[in-house]
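A.B. asks: File follows, data.cif with mmCIF, C-alpha atoms:
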data_structure
loop_
_atom_site.label_atom_id
_atom_site.label_comp_id
_atom_site.auth_asym_id
_atom_site.auth_seq_id
_atom_site.Cartn_x
_atom_site.Cartn_y
_atom_site.Cartn_z
CA MET L 3 85.66 182.55 143.18
CA LYS L 4 88.15 184.98 144.70
CA ILE L 5 85.96 187.90 143.64
CA ILE L 6 82.98 186.41 145.51
CA LEU L 7 85.05 186.05 148.69
CA VAL L 8 86.07 189.70 148.53
CA PHE L 9 82.43 190.78 148.31
CA LEU L 10 81.61 188.60 151.32
CA PHE L 11 84.28 190.51 153.32
CA ILE L 12 83.08 193.95 152.23
CA ALA L 13 79.34 193.35 152.79
CA PRO L 14 79.50 193.15 156.66
CA LEU L 15 81.49 196.37 156.81
CA ALA L 16 78.90 198.18 154.78
CA HIS L 17 76.15 196.76 156.98
CA SER L 18 77.83 197.83 160.23
CA ALA L 19 78.29 201.33 158.88
CA THR L 20 74.57 201.54 158.08
CA VAL L 21 73.59 200.34 161.53
CA GLU L 22 75.77 202.94 163.16
CA LYS L 23 74.19 205.60 161.05
CA ASP L 24 70.71 204.48 162.15
CA TYR L 25 71.67 204.51 165.80
CA SER L 26 72.92 207.97 165.45
CA SER L 27 69.57 209.08 164.03
CA PHE L 28 67.61 207.55 166.91
CA ASP L 29 69.89 209.08 169.48
CA SER L 30 69.68 212.56 168.02
CA GLY L 31 68.11 213.83 171.23
CA ALA L 32 71.12 212.79 173.20
CA PRO L 33 73.96 215.10 173.51
CA PRO L 34 76.35 214.83 170.57
CA GLU L 35 79.63 213.15 171.08
CA THR L 36 82.80 213.78 169.25
CA LYS L 37 83.46 210.95 166.64
CA SER L 38 86.59 210.08 164.69
CA ARG L 39 86.82 211.13 161.06
CA PHE L 40 88.84 207.96 160.13
CA ALA L 41 87.66 204.39 159.72
CA MET L 42 88.61 201.73 162.13
CA LEU L 43 92.03 200.14 161.47
CA ASP L 44 90.60 196.61 161.34
CA ASP L 45 88.02 197.64 158.76
CA VAL L 46 90.71 199.18 156.60
CA ARG L 47 92.81 196.04 156.78
CA ILE L 48 89.90 193.84 155.83
CA LEU L 49 89.06 196.09 152.93
CA ALA L 50 92.68 196.22 151.74
CA ASN L 51 92.99 192.45 151.95
CA GLY L 52 89.82 192.01 149.89
CA LEU L 53 91.06 194.45 147.24
CA LEU L 54 94.41 192.67 147.10
CA GLN L 55 92.75 189.28 146.53
CA LEU L 56 90.53 190.87 143.91
CA GLY L 57 93.63 192.17 142.10
CA HIS L 58 95.31 188.75 142.16
CA GLY L 59 92.15 187.14 140.78
CA LEU L 60 91.94 189.68 137.98
CA LYS L 61 95.63 189.14 137.17
CA ASP L 62 95.21 185.35 136.89
CA PHE L 63 92.15 185.85 134.77
CA VAL L 64 94.07 188.15 132.40
CA HIS L 65 96.95 185.61 132.07
CA LYS L 66 94.55 182.78 131.24
CA THR L 67 92.74 184.93 128.72
CA LYS L 68 96.04 185.85 127.02
CA GLY L 69 97.01 182.18 126.78
CA GLN L 70 93.68 181.28 125.22
CA MET L 71 93.99 184.18 122.78
CA ASN L 72 97.49 183.00 121.77
CA ASP L 73 96.17 179.48 121.12
CA ILE L 74 93.36 180.89 119.00
CA PHE L 75 95.79 183.03 116.99
CA GLN L 76 98.10 180.02 116.47
CA LYS L 77 95.22 177.89 115.16
CA LEU L 78 94.09 180.71 112.89
CA TYR L 79 97.63 180.99 111.49
CA ILE L 80 97.79 177.25 110.78
CA PHE L 81 94.36 177.36 109.16
CA ASP L 82 95.34 180.31 106.95
CA ARG L 83 98.54 178.54 105.87
CA SER L 84 96.71 175.29 105.05
CA PHE L 85 94.07 177.18 103.10
CA TYR L 86 96.80 178.96 101.13
CA GLU L 87 98.59 175.70 100.26
CA LEU L 88 95.29 174.09 99.27
CA SER L 89 94.51 177.00 96.96
CA LEU L 90 97.94 176.61 95.29
CA GLN L 91 97.39 172.88 94.74
CA THR L 92 93.93 173.57 93.33
CA SER L 93 95.40 176.08 90.87
CA GLU L 94 98.06 173.58 89.74
CA ILE L 95 95.44 170.85 89.24
CA LYS L 96 93.30 173.21 87.17
CA GLU L 97 96.30 174.14 84.99
CA GLU L 98 97.22 170.47 84.44
CA GLU L 99 93.60 169.64 83.60
CA GLU L 100 93.47 172.46 81.05
CA GLN L 101 96.74 171.31 79.44
CA LEU L 102 95.45 167.75 79.30
CA ARG L 103 92.23 168.88 77.64
CA GLN L 104 94.19 170.81 75.03
CA THR L 105 96.43 167.80 74.39
CA THR L 106 93.39 165.55 74.09
CA ALA L 107 91.82 167.89 71.55
CA ARG L 108 95.02 167.94 69.47
CA LEU L 109 95.30 164.16 69.60
CA GLN L 110 91.69 163.78 68.51
CA ILE L 111 92.31 166.03 65.51
CA ASN L 112 95.46 164.11 64.60
CA ASN L 113 93.64 160.83 64.98
CA GLU L 114 90.87 161.97 62.62
CA GLU L 115 93.46 163.04 60.06
CA ILE L 116 95.27 159.71 60.34
CA LYS L 117 91.96 157.85 60.06
CA ASN L 118 91.07 159.73 56.86
CA LEU L 119 94.53 159.09 55.46
CA SER L 120 94.22 155.41 56.34
CA GLN L 121 90.91 155.18 54.51
CA GLU L 122 92.47 156.78 51.43
CA MET L 123 95.38 154.36 51.59
CA ASN L 124 93.00 151.42 51.96
CA SER L 125 91.16 152.56 48.85
CA LYS L 126 94.43 152.81 46.91
CA ILE L 127 95.52 149.39 48.11
CA GLU L 128 92.20 147.88 46.98
CA ASP L 129 92.75 149.46 43.56
CA LEU L 130 96.23 147.99 43.47
CA ILE L 131 94.86 144.57 44.36
CA GLN L 132 92.44 144.79 41.47
CA ASN L 133 95.26 145.92 39.19
CA LYS L 134 97.34 143.02 40.45
CA ILE L 135 94.56 140.58 39.59
CA GLN L 136 94.22 142.06 36.13
CA LEU L 137 97.96 142.00 35.71
CA GLN L 138 98.06 138.36 36.75
CA GLU L 139 95.48 137.55 34.13
CA LYS L 140 97.57 139.34 31.52
CA VAL L 141 100.66 137.45 32.67
CA TRP L 142 98.79 134.18 32.25
CA GLY L 143 97.81 135.27 28.78
CA LEU L 144 101.42 136.19 28.12
CA GLU L 145 102.53 132.74 29.24
CA ASP L 146 100.17 131.22 26.73
CA LYS L 147 101.62 133.43 24.04
CA VAL L 148 105.16 132.51 25.05
CA THR L 149 104.20 128.86 24.81
CA LYS L 150 102.96 129.48 21.31
CA LEU L 151 106.18 131.32 20.48
CA THR L 152 108.08 128.12 20.95
CA ILE L 153 106.14 126.78 17.99
CA THR L 154 105.73 129.83 15.77
CA GLN L 155 107.94 132.87 15.29
CA PRO L 156 106.33 135.93 16.99
CA SER L 157 105.37 138.87 14.84
CA MET L 158 106.66 142.39 15.34
CA HIS L 159 103.34 143.47 16.86
CA GLU L 160 103.43 140.72 19.46
CA THR L 161 107.02 141.61 20.38
CA GLU L 162 106.03 145.23 21.00
CA GLU L 163 103.07 144.11 23.10
CA ILE L 164 105.34 141.91 25.22
CA SER L 165 107.78 144.79 25.79
CA SER L 166 105.04 147.23 26.74
CA LEU L 167 103.48 144.68 29.08
CA LYS L 168 106.85 144.05 30.73
CA ALA L 169 107.37 147.78 31.23
CA PHE L 170 103.87 148.04 32.72
CA VAL L 171 104.61 145.18 35.11
CA GLU L 172 107.83 146.84 36.28
CA GLN L 173 106.02 150.15 36.74
CA GLN L 174 103.28 148.53 38.79
CA ASP L 175 105.88 146.69 40.89
CA ASN L 176 107.68 149.96 41.67
CA HIS L 177 104.37 151.57 42.50
CA ILE L 178 103.52 148.76 44.94
CA LYS L 179 106.96 149.04 46.60
CA GLN L 180 106.50 152.79 47.08
CA LEU L 181 103.05 152.27 48.56
CA LEU L 182 104.35 149.62 50.96
CA LYS L 183 107.05 152.04 52.09
CA ILE L 184 104.36 154.67 52.74
CA VAL L 185 102.32 152.10 54.67
CA GLU L 186 105.33 151.21 56.84
CA ASP L 187 106.00 154.87 57.60
CA GLN L 188 102.34 155.35 58.42
CA HIS L 189 102.48 152.32 60.74
CA VAL L 190 105.35 153.91 62.68
CA GLN L 191 103.39 157.15 63.01
CA LEU L 192 100.26 155.30 64.14
CA ASP L 193 102.28 153.35 66.70
CA ARG L 194 103.67 156.57 68.13
CA GLN L 195 100.17 158.09 68.21
CA HIS L 196 98.84 154.97 69.95
CA ASN L 197 101.49 155.23 72.68
CA GLN L 198 100.61 158.89 73.27
CA ILE L 199 96.94 158.00 73.64
CA MET L 200 97.78 155.19 76.08
CA GLU L 201 99.75 157.66 78.22
CA LEU L 202 96.81 160.05 78.05
CA GLU L 203 94.43 157.31 79.20
CA ASP L 204 96.65 156.63 82.21
CA LYS L 205 96.54 160.32 83.15
CA VAL L 206 92.78 160.53 82.64
CA GLN L 207 92.29 157.70 85.14
CA GLU L 208 93.90 159.76 87.92
CA PRO L 209 91.32 161.02 90.50
CA SER L 210 92.39 164.66 90.16
CA LEU L 211 91.35 164.80 86.48
CA PHE L 212 87.79 164.61 85.26
CA LEU L 213 87.28 163.65 81.62
CA PRO L 214 84.24 161.71 80.34
CA PRO L 215 85.08 157.99 80.08
CA GLU L 216 83.07 157.64 76.88
CA PHE L 217 85.46 160.14 75.22
CA VAL L 218 88.49 158.01 76.15
CA ILE L 219 86.78 154.85 74.87
CA SER L 220 85.98 156.52 71.54
CA LEU L 221 89.63 157.52 71.14
CA LYS L 222 90.81 154.00 71.85
CA GLU L 223 88.29 152.40 69.47
CA SER L 224 89.07 154.77 66.62
CA THR L 225 92.82 154.28 67.05
CA SER L 226 92.53 150.49 67.24
CA HIS L 227 90.38 150.53 64.10
CA SER L 228 93.04 152.46 62.19
CA PHE L 229 95.77 150.09 63.37
CA GLY L 230 93.81 147.02 62.39
CA ILE L 231 93.03 148.13 58.81
CA CYS L 232 96.57 149.23 57.97
CA ASN L 233 98.40 146.29 59.52
CA CYS L 234 96.08 143.58 58.23
CA LEU L 235 96.65 144.85 54.69
CA LEU L 236 100.38 145.25 55.30
CA PHE L 237 100.77 141.67 56.56
CA SER L 238 98.73 140.41 53.58
CA PHE L 239 101.55 141.72 51.35
CA LEU L 240 104.59 141.00 53.53
CA GLY L 241 103.57 137.68 55.17
CA ALA L 242 103.63 136.80 58.89
CA ALA L 243 104.07 139.46 61.60
CA PRO L 244 107.59 140.06 63.05
CA ASP L 245 106.45 139.78 66.70
CA CYS L 246 103.41 139.72 69.01
CA THR L 247 103.15 143.52 69.15
CA ALA L 248 102.64 143.68 65.39
CA LEU L 249 99.94 140.99 65.67
CA TYR L 250 98.13 143.02 68.32
CA SER L 251 98.25 146.12 66.12
CA SER L 252 96.77 144.11 63.27
CA GLY L 253 93.68 143.28 65.35
CA MET L 254 94.63 139.98 67.02
CA GLN L 255 94.07 141.00 70.66
CA SER L 256 93.57 137.69 72.50
CA SER L 257 96.36 135.91 74.38
CA GLY L 258 97.45 132.64 72.84
CA VAL L 259 99.84 130.84 70.48
CA TYR L 260 100.58 132.62 67.18
CA THR L 261 103.04 132.23 64.31
CA ILE L 262 105.52 135.04 63.71
CA LYS L 263 108.33 135.54 61.22
CA PRO L 264 111.05 137.98 62.32
CA ASN L 265 113.06 139.67 59.59
CA GLY L 266 115.68 137.32 58.16
CA SER L 267 114.38 134.30 60.10
CA GLU L 268 112.15 131.30 59.58
CA ALA L 269 108.58 131.40 60.92
CA PHE L 270 107.94 129.84 64.33
CA ASP L 271 105.25 129.72 67.03
CA VAL L 272 105.29 131.94 70.15
CA TYR L 273 102.94 132.66 73.04
CA CYS L 274 101.59 136.23 72.94
CA GLU L 275 100.25 137.73 76.15
CA MET L 276 97.96 140.73 75.69
CA LYS L 277 98.36 143.29 78.50
CA PHE L 278 98.94 147.00 79.10
CA GLY L 279 97.18 147.85 75.83
CA SER L 280 99.58 145.81 73.70
CA SER L 281 101.04 142.32 73.29
CA TRP L 282 104.22 140.84 74.79
CA THR L 283 106.21 137.91 73.42
CA VAL L 284 106.73 135.42 76.27
CA ILE L 285 110.19 133.77 76.29
CA GLN L 286 109.93 131.88 79.62
CA ASN L 287 107.01 130.68 81.75
CA ARG L 288 107.11 128.64 84.99
CA VAL L 289 104.01 128.00 87.09
CA ASP L 290 104.07 124.58 88.80
CA GLY L 291 107.40 122.81 88.28
CA SER L 292 105.96 120.31 85.77
CA LEU L 293 108.90 120.88 83.37
CA ASP L 294 112.55 120.13 84.20
CA PHE L 295 114.67 123.18 83.34
CA ASN L 296 117.98 121.38 83.95
CA GLN L 297 118.57 121.08 80.19
CA THR L 298 121.55 121.04 77.80
CA TRP L 299 123.01 123.93 75.82
CA ASP L 300 121.26 122.80 72.60
CA ALA L 301 117.90 122.63 74.40
CA TYR L 302 118.28 126.18 75.70
CA ALA L 303 119.37 127.37 72.25
CA ASN L 304 116.41 125.80 70.41
CA GLY L 305 113.76 125.91 73.15
CA PHE L 306 111.76 123.28 75.05
CA GLY L 307 108.35 122.78 76.69
CA GLU L 308 104.76 123.49 75.62
CA LEU L 309 103.80 127.08 74.79
CA ASN L 310 100.45 126.77 76.62
CA GLU L 311 102.18 125.43 79.75
CA GLU L 312 105.73 125.72 81.07
CA PHE L 313 108.35 126.45 78.41
CA TRP L 314 111.58 128.15 77.36
CA LEU L 315 111.22 129.77 73.90
CA GLY L 316 114.87 129.37 72.90
CA LEU L 317 117.86 131.70 72.64
CA ASN L 318 117.96 131.50 68.82
CA LYS L 319 114.32 132.56 68.46
CA THR L 320 114.62 135.30 71.08
CA TYR L 321 117.71 136.68 69.32
CA SER L 322 115.96 136.66 65.93
CA ILE L 323 113.20 138.83 67.44
CA THR L 324 115.39 141.29 69.35
CA LYS L 325 117.83 141.93 66.51
CA GLN L 326 114.96 143.71 64.68
CA GLY L 327 115.22 146.74 67.01
CA ASP L 328 115.23 147.92 70.63
CA TYR L 329 113.22 145.81 73.10
CA ILE L 330 112.21 145.88 76.78
CA LEU L 331 112.75 142.83 79.00
CA ARG L 332 110.04 142.38 81.68
CA ILE L 333 110.38 139.80 84.47
CA GLU L 334 107.28 139.00 86.55
CA LEU L 335 107.72 137.10 89.84
CA GLN L 336 105.33 135.58 92.40
CA ASP L 337 106.42 134.18 95.76
CA TRP L 338 104.71 131.47 97.79
CA LYS L 339 102.65 134.06 99.68
CA HIS L 340 101.09 135.16 96.37
CA ASN L 341 102.94 138.49 96.41
CA LYS L 342 103.58 139.66 92.85
CA ARG L 343 106.57 141.79 91.81
CA TYR L 344 108.09 142.84 88.50
CA ILE L 345 111.16 144.51 87.05
CA GLU L 346 111.83 145.93 83.55
CA TYR L 347 115.13 146.41 81.74
CA ALA L 348 116.35 147.92 78.51
CA PHE L 349 118.57 145.15 77.18
CA ILE L 350 120.87 144.00 74.39
CA LEU L 351 121.09 140.30 73.51
CA GLY L 352 124.08 139.02 71.56
CA GLY L 353 124.05 136.21 69.03
CA PRO L 354 125.35 132.64 69.22
CA GLU L 355 128.90 133.78 68.46
CA THR L 356 128.90 135.63 71.82
CA ASP L 357 127.15 132.85 73.75
CA TYR L 358 124.04 135.08 73.76
CA THR L 359 125.63 137.80 75.90
CA LEU L 360 123.06 139.83 77.87
CA GLN L 361 123.56 143.48 78.86
CA LEU L 362 120.92 145.13 81.09
CA SER L 363 119.88 148.62 82.19
CA ARG L 364 117.04 148.84 84.74
CA ILE L 365 114.04 150.97 83.79
CA SER L 366 111.50 150.39 86.57
CA GLY L 367 110.17 147.77 88.95
CA SER L 368 108.71 146.85 92.34
CA ILE L 369 111.57 144.59 93.49
CA PRO L 370 115.30 145.27 94.08
CA ASN L 371 117.58 144.52 91.17
CA ALA L 372 119.43 141.19 91.35
CA LEU L 373 121.27 141.25 88.01
CA PRO L 374 124.41 143.31 87.26
CA GLU L 375 123.79 146.30 85.01
CA GLN L 376 126.01 147.50 82.15
CA THR L 377 127.85 144.16 82.29
CA GLU L 378 128.10 141.52 79.57
CA LEU L 379 126.67 138.31 81.05
CA ARG L 380 127.28 135.09 79.09
CA PHE L 381 124.61 132.42 79.04
CA SER L 382 125.88 129.07 80.30
CA THR L 383 124.67 125.55 81.02
CA ALA L 384 126.23 122.60 82.78
CA ASP L 385 127.63 121.27 79.48
CA HIS L 386 128.63 124.68 78.14
CA ASP L 387 130.12 126.90 80.86
CA MET L 388 132.91 129.10 79.51
CA ASP L 389 133.31 131.24 82.63
CA ILE L 390 133.96 128.96 85.61
CA ILE L 391 134.29 131.20 88.67
CA ASN L 392 136.96 130.02 91.10
CA ASP L 393 136.67 126.46 89.74
CA PHE L 394 132.97 126.56 90.58
CA ASN L 395 130.58 125.68 87.76
CA CYS L 396 127.39 127.72 88.32
CA PRO L 397 124.91 125.74 86.13
CA GLU L 398 126.22 122.38 87.34
CA ASN L 399 125.98 123.29 91.01
CA TYR L 400 122.83 125.42 90.85
CA LEU L 401 121.00 123.58 88.01
CA GLY L 402 119.49 125.20 84.90
CA GLY L 403 120.97 127.48 82.25
CA TRP L 404 121.18 131.18 83.03
CA TRP L 405 123.18 134.40 82.60
CA HIS L 406 125.32 133.77 85.70
CA SER L 407 127.76 136.33 87.08
CA GLU L 408 128.50 135.48 90.70
CA CYS L 409 126.41 132.30 90.99
CA GLU L 410 124.17 133.75 93.69
CA GLU L 411 122.45 136.81 92.30
CA THR L 412 119.42 134.95 90.89
CA ASN L 413 118.41 131.80 89.03
CA LEU L 414 115.02 131.79 87.31
CA ASN L 415 115.75 128.49 85.54
CA GLY L 416 116.77 126.59 88.67
CA LYS L 417 115.14 123.61 90.32
CA TYR L 418 111.49 124.08 91.32
CA VAL L 419 111.58 123.93 95.14
CA ALA L 420 108.57 124.25 97.47
CA PRO L 421 108.87 126.20 100.78
CA ARG L 422 108.58 123.00 102.83
CA SER L 423 112.05 121.99 101.68
CA ARG L 424 114.36 122.75 104.58
CA GLY L 425 117.63 121.81 102.95
CA ARG L 426 119.80 124.86 102.32
CA LEU L 427 121.45 123.23 99.29
CA ASP L 428 118.04 122.53 97.71
CA ARG L 429 116.95 126.13 98.22
CA ARG L 430 120.17 127.45 96.67
CA LYS L 431 119.58 125.24 93.63
CA GLY L 432 115.97 126.40 93.45
CA LEU L 433 113.95 129.06 91.72
CA TYR L 434 114.81 132.30 93.50
CA TRP L 435 115.63 136.01 93.26
CA LYS L 436 118.44 137.27 95.51
CA PRO L 437 119.57 140.93 95.40
CA LYS L 438 122.99 141.64 96.89
CA LYS L 439 121.39 143.90 99.49
CA GLY L 440 117.94 142.60 100.20
CA ARG L 441 115.82 139.63 101.16
CA TYR L 442 115.88 136.18 99.55
CA TYR L 443 112.78 135.54 97.38
CA LEU L 444 111.88 131.86 96.91
CA LEU L 445 109.54 131.90 93.90
CA LYS L 446 106.42 130.01 92.96
CA SER L 447 106.09 131.28 89.38
CA THR L 448 108.07 133.39 86.90
CA LYS L 449 107.42 134.87 83.49
CA ILE L 450 109.89 136.63 81.16
CA MET L 451 108.54 138.71 78.26
CA ILE L 452 109.86 141.15 75.65
CA HIS L 453 108.24 144.12 73.94
CA PRO L 454 109.54 146.75 71.48
CA THR L 455 110.41 150.13 72.97
CA ASP L 456 108.54 153.26 71.92
#
Before anything else, please render the file you have as structure tokens.
C.D. replies:
Amino acid sequence: MKIILVFLFIAPLAHSATVEKDYSSFDSGAPPETKSRFAMLDDVRILANGLLQLGHGLKDFVHKTKGQMNDIFQKLYIFDRSFYELSLQTSEIKEEEEQLRQTTARLQINNEEIKNLSQEMNSKIEDLIQNKIQLQEKVWGLEDKVTKLTITQPSMHETEEISSLKAFVEQQDNHIKQLLKIVEDQHVQLDRQHNQIMELEDKVQEPSLFLPPEFVISLKESTSHSFGICNCLLFSFLGAAPDCTALYSSGMQSSGVYTIKPNGSEAFDVYCEMKFGSSWTVIQNRVDGSLDFNQTWDAYANGFGELNEEFWLGLNKTYSITKQGDYILRIELQDWKHNKRYIEYAFILGGPETDYTLQLSRISGSIPNALPEQTELRFSTADHDMDIINDFNCPENYLGGWWHSECEETNLNGKYVAPRSRGRLDRRKGLYWKPKKGRYYLLKSTKIMIHPTD
């Protein structure tokens, strides 16, 4: 705009100079007059002023252009940096995908080898079963002969036959024991392989990795098939399974009530919940408050309730399961707004001589911890409270047996209280989860489960 104004000032000057020149040409016949060699002072000032405004306009234009150029350079720098970071992330994803593919290939090879070995073992076990049947028939024949021996004196030939048959029976028994030991070792290896494949499936489901889903399904089916064959045959020799996880590995993969027989314990019924590619043994379930959990010490020790509804499995049964090895304790919670949370612990459960002492170590979870870790917590009920804190009986005042420490950290066996209850004492006696530093969770349902560690 300023440049246009300058031109408007200069144009009249140029026009006046042209007119003067024309007048001088028409008046050439007149006597010449002496004219000044310098321009008029006013014209010079006008011209200088126009040039000055032109310079200021150009200067402002240059400053604006520099600013725009700086903005463009800044955006280009940011774009280059983002592109560089994106290229690094892409390279890392490609490397992880390649490693995962290599691991998948190795696992597939191992799984094929294990499957072949399992088939060979199944064939040997079938042969042993046939030998066992034949041996049983010979034993029955031997019993008949022994019965006859009570009447007649056996001959030397019969005595030698009995000795050889006895030696054969002992040899076959040792052979069966060795084979069962091999089957148990193979079961441990298959369990470890199964866990690796489950971790691989979790990684394959991430959006940054692209593996064909039919490949993952084939891995899972082949692994489950191997587990089912070995474990079904193993349990046919050894009897009932030691826990729900073993039942799942043997091919029983539907949630429900099953009979288990932990090592060194009598058989009893439990509720097995199939989830996360395995089976968990449920030791507590509360959904609607239909069962009163304000029970005696003996009730909590032996268990109460219906396994298909609300129940407490029993401290004796839980201890008989956990003393077989290392287990994970998983607590699932749901509040009255239908928000679901969970927390998992590595734990050690003591026997009846310790009042079923519980020691916890948090592994993971979506809710703040409300139970002391690395501390021996004794289970107590209103009629069996060995640790009365400041003359304050936790089970009697808060209802329900639990591993109390400070009487306020949590109580998953308390009174079932709906949110409409406004009494503070009722809420404190209710079913709740209260971290030391965190909000107070009044619960609608709870579930406590255990599962062997890897």
A.B. asks: Do you have the atom CA of Val289 of chain L-atom CA of Thr247 of chain L distance handy?
C.D. replies: 23.7 Å
A.B. asks: When the PyMOL selection byres ((chain L and resi 294) around 12) is applied to the file above, which residues end up in the set, as a ChimeraX atom specification?
C.D. replies: /L:288-293,295-298,301-302,306-307,312-314,401-403,415-419,432-433
A.B. asks: Those selected residues, please, written with C-alpha atoms and delivered as a tab-separated table (two decimals), keeping the file's coordinate frame.
C.D. replies:
chain	number	residue	atom	x	y	z
L	288	ARG	CA	107.11	128.64	84.99
L	289	VAL	CA	104.01	128.00	87.09
L	290	ASP	CA	104.07	124.58	88.80
L	291	GLY	CA	107.40	122.81	88.28
L	292	SER	CA	105.96	120.31	85.77
L	293	LEU	CA	108.90	120.88	83.37
L	295	PHE	CA	114.67	123.18	83.34
L	296	ASN	CA	117.98	121.38	83.95
L	297	GLN	CA	118.57	121.08	80.19
L	298	THR	CA	121.55	121.04	77.80
L	301	ALA	CA	117.90	122.63	74.40
L	302	TYR	CA	118.28	126.18	75.70
L	306	PHE	CA	111.76	123.28	75.05
L	307	GLY	CA	108.35	122.78	76.69
L	312	GLU	CA	105.73	125.72	81.07
L	313	PHE	CA	108.35	126.45	78.41
L	314	TRP	CA	111.58	128.15	77.36
L	401	LEU	CA	121.00	123.58	88.01
L	402	GLY	CA	119.49	125.20	84.90
L	403	GLY	CA	120.97	127.48	82.25
L	415	ASN	CA	115.75	128.49	85.54
L	416	GLY	CA	116.77	126.59	88.67
L	417	LYS	CA	115.14	123.61	90.32
L	418	TYR	CA	111.49	124.08	91.32
L	419	VAL	CA	111.58	123.93	95.14
L	432	GLY	CA	115.97	126.40	93.45
L	433	LEU	CA	113.95	129.06	91.72
A.B. asks: Using only C-alpha atoms, collect all residues at a distance of at most 10 Å from (124.8, 143.0, 81.7) as written in the file, then present them as a ChimeraX atom specification.
C.D. replies: /L:349-351,359-363,373-380,405,407
A.B. asks: At a cut-off of 10 Å, using all atoms listed in the file, what residues contact Lys325 of chain L? Leave out same-chain residues fewer than 5 positions from it and give the result as a list in words.
C.D. replies: Pro264, Asn265, Gly266, Thr320, Ile350, Leu351, Gly352 and Gly353 of chain L
A.B. asks: Between atom CA of Asp337 of chain L and atom CA of Ser447 of chain L, measure the distance and give it in Å to one decimal.
C.D. replies: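 These two atoms are separated by 7.0 Å.
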A.B. asks: Evaluate the PyMOL selection byres ((chain L and resi 267-277) around 8) on the structure here and hand back the selected residues as a PDB file with C-alpha atoms, in the coordinates of the input.
C.D. replies:
ATOM      1  CA  ALA L 242     103.630 136.800  58.890  1.00  0.00           C
ATOM      2  CA  CYS L 246     103.410 139.720  69.010  1.00  0.00           C
ATOM      3  CA  TYR L 250      98.130 143.020  68.320  1.00  0.00           C
ATOM      4  CA  GLN L 255      94.070 141.000  70.660  1.00  0.00           C
ATOM      5  CA  SER L 256      93.570 137.690  72.500  1.00  0.00           C
ATOM      6  CA  SER L 257      96.360 135.910  74.380  1.00  0.00           C
ATOM      7  CA  GLY L 258      97.450 132.640  72.840  1.00  0.00           C
ATOM      8  CA  VAL L 259      99.840 130.840  70.480  1.00  0.00           C
ATOM      9  CA  TYR L 260     100.580 132.620  67.180  1.00  0.00           C
ATOM     10  CA  THR L 261     103.040 132.230  64.310  1.00  0.00           C
ATOM     11  CA  ILE L 262     105.520 135.040  63.710  1.00  0.00           C
ATOM     12  CA  LYS L 263     108.330 135.540  61.220  1.00  0.00           C
ATOM     13  CA  PRO L 264     111.050 137.980  62.320  1.00  0.00           C
ATOM     14  CA  ASN L 265     113.060 139.670  59.590  1.00  0.00           C
ATOM     15  CA  GLY L 266     115.680 137.320  58.160  1.00  0.00           C
ATOM     16  CA  PHE L 278      98.940 147.000  79.100  1.00  0.00           C
ATOM     17  CA  GLY L 279      97.180 147.850  75.830  1.00  0.00           C
ATOM     18  CA  SER L 280      99.580 145.810  73.700  1.00  0.00           C
ATOM     19  CA  SER L 281     101.040 142.320  73.290  1.00  0.00           C
ATOM     20  CA  TRP L 282     104.220 140.840  74.790  1.00  0.00           C
ATOM     21  CA  THR L 283     106.210 137.910  73.420  1.00  0.00           C
ATOM     22  CA  VAL L 284     106.730 135.420  76.270  1.00  0.00           C
ATOM     23  CA  LEU L 309     103.800 127.080  74.790  1.00  0.00           C
ATOM     24  CA  ASN L 310     100.450 126.770  76.620  1.00  0.00           C
ATOM     25  CA  LEU L 315     111.220 129.770  73.900  1.00  0.00           C
ATOM     26  CA  SER L 322     115.960 136.660  65.930  1.00  0.00           C
TER      27      SER L 322
END
